[in-house]
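Below is one structure; the comments refer to it alone.
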Amino acid sequence: MKDKLKNIFKGGLGQLTIPIIAILVLIIFNLFRDPSFFRITVELNNDGNRVLAGNLISIINAASELAILAMGMTLVTAASGGQDISVGAMAAIAGSAFVKILKYGGNINGFVVFAAFLVAVIVAMIFGAFNGTLVSVFKIQPMIATLILFTCGRSIAYWINGGATPTVDSGIVKAIGGFIPGCPIPTPVIIVIAVAIIFKLVFHFTSLELFTQSVGINGSAARLNGINATWIKLLSFIILGACVAVAGTIGVSRLGLINHETLLLDVEMDAILAVAIGGNSLGGGKFKLAGSILGAYVIHILTITLYAMKVPSTDVKAYKAIVIIILVVIGSPVIKKWFAKTVARIRNKKSQVPVKGAQ
Amino acid sequence: MQEHSLLEMRHINKLFPGVKALSNVDFTLRAGEIHALMGENGAGKSTLIKVLTGVYQDDGGEIRVDGKTISIRSPQDAQNNGISTVYQEITLCPNLTVAENMFIGREKDVLVHKKRREKRADELLNELGIPARGTQMLGNCSLAVQQMVAIARAVDLNCKVLILDEPTSSLDDKEVNVLFGLMRDLKARGVGIIFVTHFLEQVYEVCDRITVLRNGELVGEYLTEELPQVQLVAKMIGKDLDELSSFGEVQEKYFSDDDIFYQATKLSSSAALPFNFAIHKGEVNGFTGLLGSGRSESVRAIFGADKVNSGTVYINGKNVKIKKPIHAMKNGIGYLAEDRKRDGIIADLSVRENIILALQVMKGFFKPISRNEAESFADEYIKALNIKTASRETPIGSLSGGNQQKVILARWLLTHPDYLILDEPTRGIDVGTKLEIQKLVLKLAEDGVAVTFISSEIEEMLRTCSRLIVMRDRHIVGELTGSDLNQAQVMKTIAGGETDEG
Amino acid sequence: MKDKKTFRREPLTDTQLLMMIAICIFVSMYLSAMLLFGGGFLRAQQIFDMLNDNAPLIIVSCGLTIVMIGGGIDISVGAVTSLVVMACAIFLNNGGNIYLSMLIALGIGLAFGLVQGYLISYLEIQPFIVTLAGMFFARGMTTILSVNPQKVDTVGTENLVNLLTSKDPAVKITFWQFLRDMNFKTLLEGKIKIDWLGYTAPNGNRISASMEWGVVIALLCVVVVFLLLKYHKLGRGFYAIGGNQTSALMLGINVKRTRFLSYVICGLLSGIAGYVFLMHTGAGNATNAAGMEMNAIAASIIGGTLLTGGVGNVAGTFFGVLTLTTIKKIVVTSGLKDPWWQSITTGGMLCFFIILQSIVLYIRGKLRAKQKKG
């Protein structure tokens with residue numbers, strides 16, 4: 001029992017240490033700053049639903065897209081050792097496709113929304129497959145391969161809806177981006193939980209985790225053990241595509257319109273950041289999905305905290321950068337080593353005291 | 001007063017998390033001697049060398065060069081103190097020219113005198129008889145030449161201490177002789193050479209003195225002529241060598257054609273020329289030949305590791321197509337690759353995950369092995385193969401070479417193959433594990449598994465194989481069985497002194 | 001010459017091959033544009049315009065090429081450029097000295113280079129994350145600084161070049177006076193006119209080709225970086241650490257310092273690029289140089305630099321920038337005015353180059369393997 005506790009202290013948390021500490025520090029900081037920061041209230045929203053409100057809820061709600069993208073990004077990072085920088089642009093494409101289908105059918109019912117979502121998923125998966133093919137078949141560095149869609153993805157989105165930013169007025173779409181009548185929890189949060197559960201199930205019922213890690217750590221050995229590395233890499237990009245479609249759908253539903261220029265702008269950087277804060281190596285290999293999800297929430301707690309401190313939204317980036325640097329410096333291998341050495345030295349000194357005479 | 005010692009290492013300690021890699025090791029190198037550093041894998045040879053070259057920092061101890069105490073914090077420090085190293089893995093940059101690789105990082109001039117440096121490189125390469133030009137891109141040279149360039153660089157550093165860490169493992173006999181000539185030449189100039197190798201014969205050919213390490217501790221320092229080979233091995237593995245001698249001659253076995261498990265005609269791949277090959281159930285055969293003779297490429301073709309171009313394959317009399325590793329695996333073939341680091345281990349994954357990998361692949365993507373099952377498999381094989389690991393969850397990368405190899409073996413044994421191809425399973429691992437693996441091969445054969453065994457050490461193959469296929473210049477040039485299975489005959493066939501029936 | 005012969009014997013390196021491809025494609029693209037569209041493409045001014053507009057991009061790409069050859073990445077370059085533009089514009093508008101403003105530009109670039117380089121090479125943090133944070137920080141600082149767009153006020157000042165070259169002894173100033181009284185208008189309007197490359201307008205006026213001073217700085221940067229990479233110890237060190245980091249260490253190269261310096265140089269060049277940018281536009285804006293980092297990466301790639309490190313050439317990068325620009329010019333000239341056509345064609349072109357490179361390297365790898373065996 002004691003050993004187990006010790007293990008947890010020693011490194012049982014492992015790569016999750018940094019994001020958890022970051023979250024704790026931010027929470028404690030906010031508690032001191034303004035204890036009411038965490039107050040959660042039940043309020044009536046515009047549609048007359050009783051819903052949860054408060055900073056904490058908006059953090060968890062706002063981080064939904066990022067959390068979903070971070071999960072997909074983790075897989076791509078693990079398998080290919082690189083990152084997809086086109087997720088924001090792809091989300092714009094998927095969102096545009098989603099709206100395009102909604103606009104086809106005159107009245108928007110559940111079936112149309114579902115069909116539109118399905119189309120968005122398929123479109124995003126096709127673009128994901130395009131990226132994946134460049135990476136796995138043509139052996140192009142992921143960042144370079146996805147630079148293509150990064151460059152022209154939003155223009156493709158523009159073209160889908162003919163340059164307009166059509167609005168969608170539908171209760172169902174509103175429910176996806178806001179609240180389901182009668183349910184006090186924001187729908188995007190529920191979707192994040194659902195996606196996480198799906199990932200968990202996929203990991204449980206397939207060998208995706210083992211194969212992805214094998215390919216990421218040692219592609220040559222994985223191939224000689226009969227793993228189709230090309231397919232695994234491609235698959236990771238396709239899965240990311242599906243995640244992108246979900247995130248894009250949420251993003252569109254929140255606003256009730258598609259703006260190809262601003263939908264999930266710069267989210268690719270945040271998604272990669274979430275993966276890194278979660279303690280996953282951006283060089284691929286071993287990964288922990290939970291780390292990336294926590295990373296996504298760290299980013300949003302930070303953002304909302306800054307907003308709460310009345311930092312203008314345009315300036316948030318600069319402060320965010322400082323916190324990121326502090327986080328990665330703490331997590332850097334050199335600092336960790338130095339820390340471990342110092343701890344060992346202190347411990348050695350303690351244990352050496354009684355032996356001194358013998359020496 | 002004692003004779004002039006060039007390098008003295010006293011009471012060297014090195015700790016790794018949880019392991020004491022070196023404890024209180026002494027090592028002395030005199031000017032103008034070739035000194036072999038011997039020990040099993042995990043004995044601490046590489047650690048000692050890395051401490052000496054500044055890759056690791058020691059956790060206590062003293063290093064003296066020419067009687068002066070020095071501290072070595074980086075490879076540069078080592079170089080500045082006249083200590084140069086040539087590693088088993090090529091540590092040069094493939095995207096630079098040969099000349100640059102020889103001179104980069106040690107010229108005082110800020111600007112590069114390209115022409116002058118290339119001329120100097122050509123002179124030196126000529127002098128040492130290395131077939132390369134200064135202007136060539138290193139990546140375009142063969143591995144052996146790259147290795148020689150590394151040595152040329154070290155030689156030109158006017159080093160006092162030259163460390164050769166398994167430099168011969170990728171060289172063929174001729175190149176090894178060139179290297180030995182070079183070593184003797186340097187020795188005559190007063191350079192002290194530390195030579196690390198697994199080839200015992202090479203030690204006795206060139207070395208003056210031998211230092212043996214075991215389990216991170218010093219066993220002793222001996223003059224080569226005073227330490228017979230058998231005793232050296234005994235000191236390295238720390239037990240009597242009765243086991244070695246108890247390995248009798250392989251009894252000749254007779255197989256009927258009905259027992260043929262695998263048969264290929266005109267099989268060829270992007271790397272291997274067409275060849276015919278068959279193996280019986282329960283047979284152990286070997287592919288032998290010099291490095292580059294095509295022995296590895298041929299077995300890779302059997303497994304579908306390279307792109308298969310042509311050939312018909314029968315398994316148990318049934319025509320099958322093997323284009324990819326997975327096809328071979330589904331047909332009951334396992335393949336332990338030659339390069340363990342590159343093609344075998346998944347370094348960051350645990351021993352457990354490494355063991356179940358191949359079985360998992362065979363079961364398929366949608367049928368994962370449950371955690372409980374995986375754990376019991378892992379425990380079973382860790383015990384059966386006597387794998388030394390802290391736990392089944394330890395990353396395989398932190399195990400010693402021999403134990404890594406056992407994990408990979410376990411991976412294939414777990415798939416219960418009918419035919420197991422072992423390409424250099426004993427390379428770079430200690431004598432004790434070598435014996436264990438040889439025994440295992442024979443036991444597998446008794447159980448009816450067909451085994452193809454490849455090793456650079458012919459003796460090892462003679463001990464295990466009942467049939468040897470000899471290759472030269474990418475062709476099969478002979479097949480030896482029965483009374484032909486002796487060192488002399490194998491050598492003759494490899495060298496191609498007489499025409500064989502093949 | 002015997003030397004030449006030995007040179008001939010060696011096959012092209014990957015670096016050279018990829019650069020050759022980039023140059024060939026640029027030349028053939030430009031030639032076909034000349035044939036198809038004529039007009040502007042036939043004038044030398046077209047090339048000068050391309051250079052005038054893209055001098056900052058050329059400088060930034062040079063820095064990025066160095067980092068990429070060393071096996072790293074720096075995505076903060078565009079944001080740093082933007083920050084420099086804004087900071088210098090505000091400084092000048094508040095009556096700042098022109099030379100001090102140049103020092104500020106260099107200082108900001110250097111500061112980013114030093115901090116990022118230190119974090120990446122000495123604290124071993126992943127370059128992508130560090131420079132991403134750098135990008136956030138620079139962008140954030142730009143918006144914090146910029147209350148509204150800053151146009152550098154040049155009213156009432158004079159373009160001193162006119163006075164320097166004036167024939168009238170009453171207003172003619174000496175070179176020393178020129179340096180002493182240097183103002184921003186001189187930099188902004190400073191142009192090098194090359195008469196014989198000009199053309200005659202339909203109304204009979206002779207219009208000489210003009211090149212901004214920023215282009216001279218950019219070309220100078222290209223030459224200096226080219227020489228650095230080819231003939232300087234440090235430059236070869238970049239190739240070595242990009243080719244194989246462990247080997248480079250074993251070869252006695254100070255890997256950490258070399259990598260550190262690659263980021264420092266890159267940061268410094270971003271600073272210079274920012275100033276050149278300001279000299280071109282004369283105004284600071286929060287969205288300055290938006291997306292420049294990706295354009296710079298694209299230019300480096302088109303020019304044959306591999307993100308994997310160890311392969312690349314700054315001359316190729318220069319042609320990479322020209323190629324990118326030519327594509328945009330062609331799109332605009334063909335009447336596809338919508339901005340999204342530009343990005344789609346750029347994306348398509350990138351795709352083409354990337355796949356082409358991948359195929360070329362694959363074939364070369366095969367040939368090499370065959371050679372080794374044979």
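Labels for the structure tokens follow display order: chains A, B, ..., residues from 1 in each chain, ligands from 1.
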Provide as an mmCIF file with N, CA, C and O atoms, in the first residue's frame the residues of chain B at most 8 Å from chain C, counting only C-alpha atoms.
```cif
data_model
loop_
_atom_site.group_PDB
_atom_site.id
_atom_site.type_symbol
_atom_site.label_atom_id
_atom_site.label_comp_id
_atom_site.auth_asym_id
_atom_site.auth_seq_id
_atom_site.Cartn_x
_atom_site.Cartn_y
_atom_site.Cartn_z
ATOM 1 N N PRO B 75 32.026 14.912 -25.719
ATOM 2 C CA PRO B 75 32.903 14.270 -26.707
ATOM 3 C C PRO B 75 34.028 15.192 -27.137
ATOM 4 O O PRO B 75 35.126 14.730 -27.445
ATOM 5 N N GLN B 76 33.756 16.494 -27.133
ATOM 6 C CA GLN B 76 34.809 17.427 -27.514
ATOM 7 C C GLN B 76 35.959 17.402 -26.517
ATOM 8 O O GLN B 76 37.117 17.413 -26.904
ATOM 9 N N GLN B 79 38.024 14.511 -27.247
ATOM 10 C CA GLN B 79 38.870 14.741 -28.414
ATOM 11 C C GLN B 79 40.055 15.622 -28.062
ATOM 12 O O GLN B 79 41.181 15.361 -28.451
ATOM 13 N N ILE B 90 27.683 3.832 -37.436
ATOM 14 C CA ILE B 90 28.412 4.902 -38.084
ATOM 15 C C ILE B 90 27.987 6.226 -37.445
ATOM 16 O O ILE B 90 26.812 6.569 -37.432
ATOM 17 N N THR B 91 28.937 6.962 -36.922
ATOM 18 C CA THR B 91 28.573 8.243 -36.342
ATOM 19 C C THR B 91 29.123 9.368 -37.200
ATOM 20 O O THR B 91 29.890 10.197 -36.744
ATOM 21 N N LEU B 92 28.733 9.344 -38.457
ATOM 22 C CA LEU B 92 29.098 10.406 -39.378
ATOM 23 C C LEU B 92 27.814 10.944 -39.995
ATOM 24 O O LEU B 92 26.759 10.347 -39.862
ATOM 25 N N CYS B 93 27.920 12.069 -40.663
ATOM 26 C CA CYS B 93 26.735 12.666 -41.279
ATOM 27 C C CYS B 93 26.640 12.261 -42.748
ATOM 28 O O CYS B 93 27.523 12.608 -43.535
ATOM 29 N N PRO B 94 25.605 11.545 -43.121
ATOM 30 C CA PRO B 94 25.509 11.054 -44.503
ATOM 31 C C PRO B 94 25.303 12.167 -45.522
ATOM 32 O O PRO B 94 25.530 11.963 -46.694
ATOM 33 N N ASN B 95 24.861 13.332 -45.058
ATOM 34 C CA ASN B 95 24.571 14.407 -46.019
ATOM 35 C C ASN B 95 25.764 15.340 -46.238
ATOM 36 O O ASN B 95 25.628 16.360 -46.878
ATOM 37 N N LEU B 96 26.903 14.960 -45.694
ATOM 38 C CA LEU B 96 28.106 15.753 -45.947
ATOM 39 C C LEU B 96 29.087 14.916 -46.761
ATOM 40 O O LEU B 96 28.946 13.694 -46.855
ATOM 41 N N ASN B 101 33.300 15.101 -43.405
ATOM 42 C CA ASN B 101 33.140 14.217 -42.266
ATOM 43 C C ASN B 101 34.459 13.976 -41.548
ATOM 44 O O ASN B 101 34.492 13.727 -40.355
ATOM 45 N N ILE B 104 35.313 18.056 -40.094
ATOM 46 C CA ILE B 104 34.387 18.971 -39.436
ATOM 47 C C ILE B 104 34.509 18.850 -37.920
ATOM 48 O O ILE B 104 34.821 17.787 -37.384
ATOM 49 N N GLY B 105 34.296 19.959 -37.264
ATOM 50 C CA GLY B 105 34.261 19.937 -35.812
ATOM 51 C C GLY B 105 35.622 19.945 -35.153
ATOM 52 O O GLY B 105 35.723 19.857 -33.952
ATOM 53 N N ARG B 106 36.695 20.046 -35.936
ATOM 54 C CA ARG B 106 37.995 20.045 -35.275
ATOM 55 C C ARG B 106 38.983 21.009 -35.919
ATOM 56 O O ARG B 106 40.129 21.071 -35.542
ATOM 57 N N ASP B 109 40.091 26.973 -38.100
ATOM 58 C CA ASP B 109 39.685 28.037 -39.015
ATOM 59 C C ASP B 109 38.183 28.200 -39.033
ATOM 60 O O ASP B 109 37.441 27.225 -39.001
ATOM 61 N N VAL B 110 37.776 29.449 -39.114
ATOM 62 C CA VAL B 110 36.345 29.729 -39.162
ATOM 63 C C VAL B 110 35.823 29.466 -40.569
ATOM 64 O O VAL B 110 34.752 28.907 -40.758
ATOM 65 N N LEU B 111 36.606 29.865 -41.556
ATOM 66 C CA LEU B 111 36.181 29.620 -42.922
ATOM 67 C C LEU B 111 36.721 28.271 -43.399
ATOM 68 O O LEU B 111 37.791 27.839 -42.998
ATOM 69 N N VAL B 112 35.943 27.662 -44.236
ATOM 70 C CA VAL B 112 36.282 26.320 -44.685
ATOM 71 C C VAL B 112 37.098 26.395 -45.964
ATOM 72 O O VAL B 112 36.686 27.019 -46.935
ATOM 73 N N HIS B 113 38.269 25.778 -45.936
ATOM 74 C CA HIS B 113 39.054 25.704 -47.171
ATOM 75 C C HIS B 113 38.737 24.384 -47.841
ATOM 76 O O HIS B 113 39.335 23.364 -47.549
ATOM 77 N N LYS B 114 37.761 24.465 -48.740
ATOM 78 C CA LYS B 114 37.208 23.236 -49.284
ATOM 79 C C LYS B 114 38.252 22.409 -50.038
ATOM 80 O O LYS B 114 38.423 21.228 -49.794
ATOM 81 N N THR B 135 35.573 14.107 -52.167
ATOM 82 C CA THR B 135 34.438 14.880 -52.648
ATOM 83 C C THR B 135 33.128 14.094 -52.622
ATOM 84 O O THR B 135 32.063 14.652 -52.818
ATOM 85 N N GLN B 136 33.235 12.788 -52.389
ATOM 86 C CA GLN B 136 32.044 11.938 -52.416
ATOM 87 C C GLN B 136 31.102 12.260 -51.248
ATOM 88 O O GLN B 136 31.552 12.589 -50.161
ATOM 89 N N MET B 137 29.797 12.130 -51.498
ATOM 90 C CA MET B 137 28.870 12.227 -50.372
ATOM 91 C C MET B 137 28.995 10.949 -49.553
ATOM 92 O O MET B 137 29.015 9.853 -50.108
ATOM 93 N N ASN B 140 26.612 8.069 -50.072
ATOM 94 C CA ASN B 140 26.731 7.240 -51.266
ATOM 95 C C ASN B 140 27.739 6.108 -51.099
ATOM 96 O O ASN B 140 27.898 5.288 -51.988
ATOM 97 N N CYS B 141 28.450 6.083 -49.986
ATOM 98 C CA CYS B 141 29.460 5.046 -49.767
ATOM 99 C C CYS B 141 28.826 3.830 -49.090
ATOM 100 O O CYS B 141 27.812 3.952 -48.409
ATOM 101 N N SER B 142 29.461 2.688 -49.243
ATOM 102 C CA SER B 142 28.976 1.493 -48.560
ATOM 103 C C SER B 142 29.273 1.621 -47.072
ATOM 104 O O SER B 142 30.106 2.422 -46.646
#
```
Exercise: Ala276 of chain A partners within 10 Å, only C-alpha atoms, chain neighbours under 3 positions left out, as a short mmCIF file (atom, residue, chain, number, x, y, z; two decimals) with C-alpha atoms, in the first residue's frame:
```
data_model
loop_
_atom_site.label_atom_id
_atom_site.label_comp_id
_atom_site.auth_asym_id
_atom_site.auth_seq_id
_atom_site.Cartn_x
_atom_site.Cartn_y
_atom_site.Cartn_z
CA PRO A 19 -1.35 19.31 -17.06
CA ALA A 70 -6.78 17.27 -29.56
CA THR A 74 -2.84 12.89 -30.54
CA THR A 77 1.06 12.73 -33.76
CA ASP A 270 -4.05 25.18 -29.88
CA ALA A 271 -4.68 21.54 -30.70
CA ILE A 272 -1.00 20.83 -31.12
CA LEU A 273 -0.33 22.74 -27.94
CA GLY A 279 2.94 15.36 -22.05
CA ASN A 280 2.83 13.60 -25.40
CA SER A 281 5.97 13.72 -27.48
CA LEU A 282 5.41 15.61 -30.71
CA GLY A 291 -3.22 14.12 -21.37
CA SER A 292 -4.31 15.86 -24.55
CA GLY A 295 -4.21 20.00 -22.17
CA ALA A 296 -7.19 21.38 -24.04
CA VAL A 328 7.00 23.74 -21.25
CA GLY A 331 8.18 20.03 -18.44
CA GLN C 126 10.27 21.01 -28.91
CA PHE C 128 7.37 23.80 -32.71
CA ILE C 129 5.93 24.59 -29.29
#
```
Considering only C-alpha atoms, give me a table of residues in chain A that are at most 9 Å from chain C, with the closest atom pair and distance in Å for each, as CSV.
```
residue,atom,partner,partner_atom,distance
A:Leu134,CA,C:Ile355,CA,7.7
A:Phe138,CA,C:Ser358,CA,6.1
A:Lys139,CA,C:Ser358,CA,7.0
A:Ile140,CA,C:Ser358,CA,6.7
A:Gln141,CA,C:Leu307,CA,7.1
A:Met143,CA,C:Leu307,CA,8.6
A:Ile144,CA,C:Leu307,CA,7.7
A:Ala145,CA,C:Ile354,CA,7.5
A:Leu147,CA,C:Met294,CA,7.6
A:Ile148,CA,C:Gly347,CA,4.8
A:Leu149,CA,C:Gly347,CA,6.7
A:Phe150,CA,C:Gly347,CA,8.2
A:Thr151,CA,C:Gly347,CA,5.6
A:Cys152,CA,C:Ile344,CA,4.7
A:Gly153,CA,C:Ile344,CA,7.8
A:Arg154,CA,C:Trp340,CA,8.2
A:Ser155,CA,C:Trp340,CA,4.9
A:Ile156,CA,C:Ile344,CA,7.4
A:Tyr158,CA,C:Trp340,CA,7.6
A:Trp159,CA,C:Trp340,CA,8.1
A:Met269,CA,C:Leu132,CA,7.2
A:Ile272,CA,C:Ile129,CA,8.1
A:Leu273,CA,C:Ile129,CA,6.7
A:Ala276,CA,C:Ile129,CA,7.6
A:Ser281,CA,C:Gln126,CA,8.6
A:Leu282,CA,C:Gln126,CA,7.5
A:Gly283,CA,C:Gln126,CA,8.8
A:Pro312,CA,C:Ile144,CA,8.8
A:Thr314,CA,C:Thr143,CA,6.2
A:Asp315,CA,C:Gly140,CA,4.9
A:Val316,CA,C:Gly140,CA,6.7
A:Lys317,CA,C:Gly140,CA,4.8
A:Ala318,CA,C:Phe137,CA,3.9
A:Tyr319,CA,C:Phe137,CA,7.1
A:Lys320,CA,C:Phe136,CA,7.4
A:Ala321,CA,C:Ala133,CA,4.5
A:Ile322,CA,C:Phe137,CA,7.2
A:Val323,CA,C:Ala133,CA,8.9
A:Ile324,CA,C:Ala133,CA,6.5
A:Ile325,CA,C:Ala133,CA,6.6
A:Val328,CA,C:Ile125,CA,6.9
A:Val329,CA,C:Leu123,CA,7.2
A:Gly331,CA,C:Ile125,CA,8.3
A:Ser332,CA,C:Ile125,CA,5.6
A:Pro333,CA,C:Glu124,CA,6.5
A:Val334,CA,C:Leu123,CA,5.3
A:Ile335,CA,C:Leu123,CA,7.0
```
Near segment 398-415 of chain B, counting only C-alpha atoms, which residues have an atom at most 6 Å away, once you skip same-chain residues fewer than 3 positions from it, shown as a PyMOL selection string? chain B and resi 42+334+355-356+359+387+395+429
Compile the residues of chain B that lie within 6 Å of chain A, evaluated using only C-alpha atoms, and express the compilation as an MDAnalysis selection string. chainID B and resid 325:326 343:344 346 358 365:368
Next, write the just-selected residues to a file, as a PDB file, in the first residue's frame, keeping N, CA and C atoms as the atom set.
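Saved file selection-v5.pdb follows:
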```pdb
ATOM      1  N   PRO B 325       5.014  -9.419 -44.988  1.00  0.00           N
ATOM      2  CA  PRO B 325       5.244 -10.156 -43.743  1.00  0.00           C
ATOM      3  C   PRO B 325       3.972 -10.804 -43.194  1.00  0.00           C
ATOM      4  N   ILE B 326       2.858 -10.097 -43.270  1.00  0.00           N
ATOM      5  CA  ILE B 326       1.635 -10.636 -42.671  1.00  0.00           C
ATOM      6  C   ILE B 326       1.227 -11.948 -43.345  1.00  0.00           C
ATOM      7  N   ASP B 343      14.865  -3.206 -36.623  1.00  0.00           N
ATOM      8  CA  ASP B 343      13.753  -4.003 -37.122  1.00  0.00           C
ATOM      9  C   ASP B 343      13.090  -4.868 -36.064  1.00  0.00           C
ATOM     10  N   GLY B 344      13.595  -4.831 -34.836  1.00  0.00           N
ATOM     11  CA  GLY B 344      13.046  -5.748 -33.843  1.00  0.00           C
ATOM     12  C   GLY B 344      12.251  -5.067 -32.758  1.00  0.00           C
ATOM     13  N   ILE B 346      10.411  -2.449 -30.218  1.00  0.00           N
ATOM     14  CA  ILE B 346       9.669  -1.181 -30.200  1.00  0.00           C
ATOM     15  C   ILE B 346      10.083  -0.540 -28.874  1.00  0.00           C
ATOM     16  N   ALA B 358       3.391  -9.624 -32.253  1.00  0.00           N
ATOM     17  CA  ALA B 358       3.206 -10.426 -33.464  1.00  0.00           C
ATOM     18  C   ALA B 358       1.916 -11.231 -33.383  1.00  0.00           C
ATOM     19  N   PHE B 365      -6.746  -6.812 -36.300  1.00  0.00           N
ATOM     20  CA  PHE B 365      -6.969  -5.497 -35.732  1.00  0.00           C
ATOM     21  C   PHE B 365      -8.155  -5.488 -34.776  1.00  0.00           C
ATOM     22  N   PHE B 366      -9.173  -6.261 -35.091  1.00  0.00           N
ATOM     23  CA  PHE B 366     -10.419  -6.165 -34.329  1.00  0.00           C
ATOM     24  C   PHE B 366     -10.526  -7.167 -33.189  1.00  0.00           C
ATOM     25  N   LYS B 367      -9.457  -7.940 -32.968  1.00  0.00           N
ATOM     26  CA  LYS B 367      -9.519  -8.908 -31.867  1.00  0.00           C
ATOM     27  C   LYS B 367      -8.365  -8.702 -30.911  1.00  0.00           C
ATOM     28  N   PRO B 368      -8.411  -7.632 -30.151  1.00  0.00           N
ATOM     29  CA  PRO B 368      -7.289  -7.377 -29.257  1.00  0.00           C
ATOM     30  C   PRO B 368      -7.174  -8.436 -28.153  1.00  0.00           C
TER      31      PRO B 368
END
```
Straight-line distance linking atom CA of Glu89 of chain B with atom CA of Gly32 of chain B, stated in Å to one decimal: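 Separation of atom CA of Glu89 of chain B and atom CA of Gly32 of chain B: 25.7 Å.
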Can you pull out every residue within 9 Å of Leu26 of chain A, counting only C-alpha atoms, but drop anything in the same chain fewer than 5 positions away, and send it as a ChimeraX atom specification? /A:21,31,298,301-302,305
Just write the chosen residues, all heavy atoms, as a CSV table (one decimal), in the first residue's frame.
```csv
chain,number,residue,atom,x,y,z
A,21,ILE,N,-1.0,19.6,-12.7
A,21,ILE,CA,-0.4,20.7,-11.8
A,21,ILE,C,-0.9,22.0,-12.4
A,21,ILE,O,-1.3,22.9,-11.7
A,21,ILE,CB,1.1,20.6,-11.8
A,21,ILE,CG1,1.5,19.5,-10.9
A,21,ILE,CG2,1.7,21.9,-11.3
A,21,ILE,CD1,3.0,19.2,-10.9
A,31,LEU,N,-9.1,30.9,-7.2
A,31,LEU,CA,-9.8,31.0,-5.9
A,31,LEU,C,-9.3,32.2,-5.1
A,31,LEU,O,-10.1,32.8,-4.4
A,31,LEU,CB,-9.5,29.7,-5.2
A,31,LEU,CG,-10.4,28.5,-5.5
A,31,LEU,CD1,-9.9,27.2,-4.8
A,31,LEU,CD2,-11.8,28.8,-5.3
A,298,VAL,N,-6.6,23.0,-20.0
A,298,VAL,CA,-5.7,23.9,-19.5
A,298,VAL,C,-5.7,25.2,-20.3
A,298,VAL,O,-5.7,26.3,-19.8
A,298,VAL,CB,-4.2,23.3,-19.5
A,298,VAL,CG1,-3.2,24.4,-19.2
A,298,VAL,CG2,-4.1,22.2,-18.5
A,301,ILE,N,-8.9,27.1,-19.6
A,301,ILE,CA,-9.0,27.7,-18.2
A,301,ILE,C,-8.2,29.0,-18.3
A,301,ILE,O,-8.5,30.1,-17.8
A,301,ILE,CB,-8.5,26.8,-17.1
A,301,ILE,CG1,-9.3,25.6,-17.0
A,301,ILE,CG2,-8.4,27.5,-15.8
A,301,ILE,CD1,-8.8,24.6,-16.0
A,302,LEU,N,-7.0,28.9,-18.9
A,302,LEU,CA,-6.1,30.0,-19.0
A,302,LEU,C,-6.8,31.2,-19.7
A,302,LEU,O,-6.7,32.3,-19.2
A,302,LEU,CB,-4.8,29.6,-19.7
A,302,LEU,CG,-3.7,30.6,-19.9
A,302,LEU,CD1,-3.3,31.1,-18.6
A,302,LEU,CD2,-2.6,29.9,-20.7
A,305,THR,N,-9.6,32.6,-17.6
A,305,THR,CA,-9.0,33.4,-16.5
A,305,THR,C,-8.5,34.7,-16.9
A,305,THR,O,-8.8,35.8,-16.3
A,305,THR,CB,-7.8,32.6,-15.9
A,305,THR,OG1,-8.2,31.3,-15.6
A,305,THR,CG2,-7.3,33.3,-14.6
```
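Across the model, the gap from atom CA of Ile190 of chain A to atom CA of Ile293 of chain A is 14.1 Å.
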Name all residues at most 10 Å from Gly181 of chain B (count only C-alpha atoms; drop same-chain ones fewer than 6 positions away) and give them as a PyMOL selection string. chain B and resi 128+175+187+206
Could you give me, as a list in words, the residues within 10 Å of Thr326 of chain C, counting only C-alpha atoms and dropping anything in the same chain fewer than 5 positions from it? Phe26, Met29, Tyr30, Ala33, Phe41, Gln46, Ile47, Met50, Gly320, Val321, Val331 and Val332 of chain C
Take the residues that were just selected and, keeping C-alpha atoms, output them as a compact mmCIF listing (two decimals), in the first residue's frame.
```txt
# COMPACT_ATOMS: atom_id res chain seq x y z
CA PHE C 26 10.51 28.84 -62.02
CA MET C 29 6.83 28.99 -65.53
CA TYR C 30 8.00 32.54 -66.07
CA ALA C 33 3.78 33.38 -68.57
CA PHE C 41 5.63 39.80 -67.91
CA GLN C 46 7.65 42.78 -63.34
CA ILE C 47 10.53 40.98 -61.71
CA MET C 50 7.97 40.86 -57.41
CA GLY C 320 11.08 29.41 -54.10
CA VAL C 321 9.86 32.89 -53.18
CA VAL C 331 -3.48 33.90 -61.36
CA VAL C 332 -4.18 37.61 -61.13
```
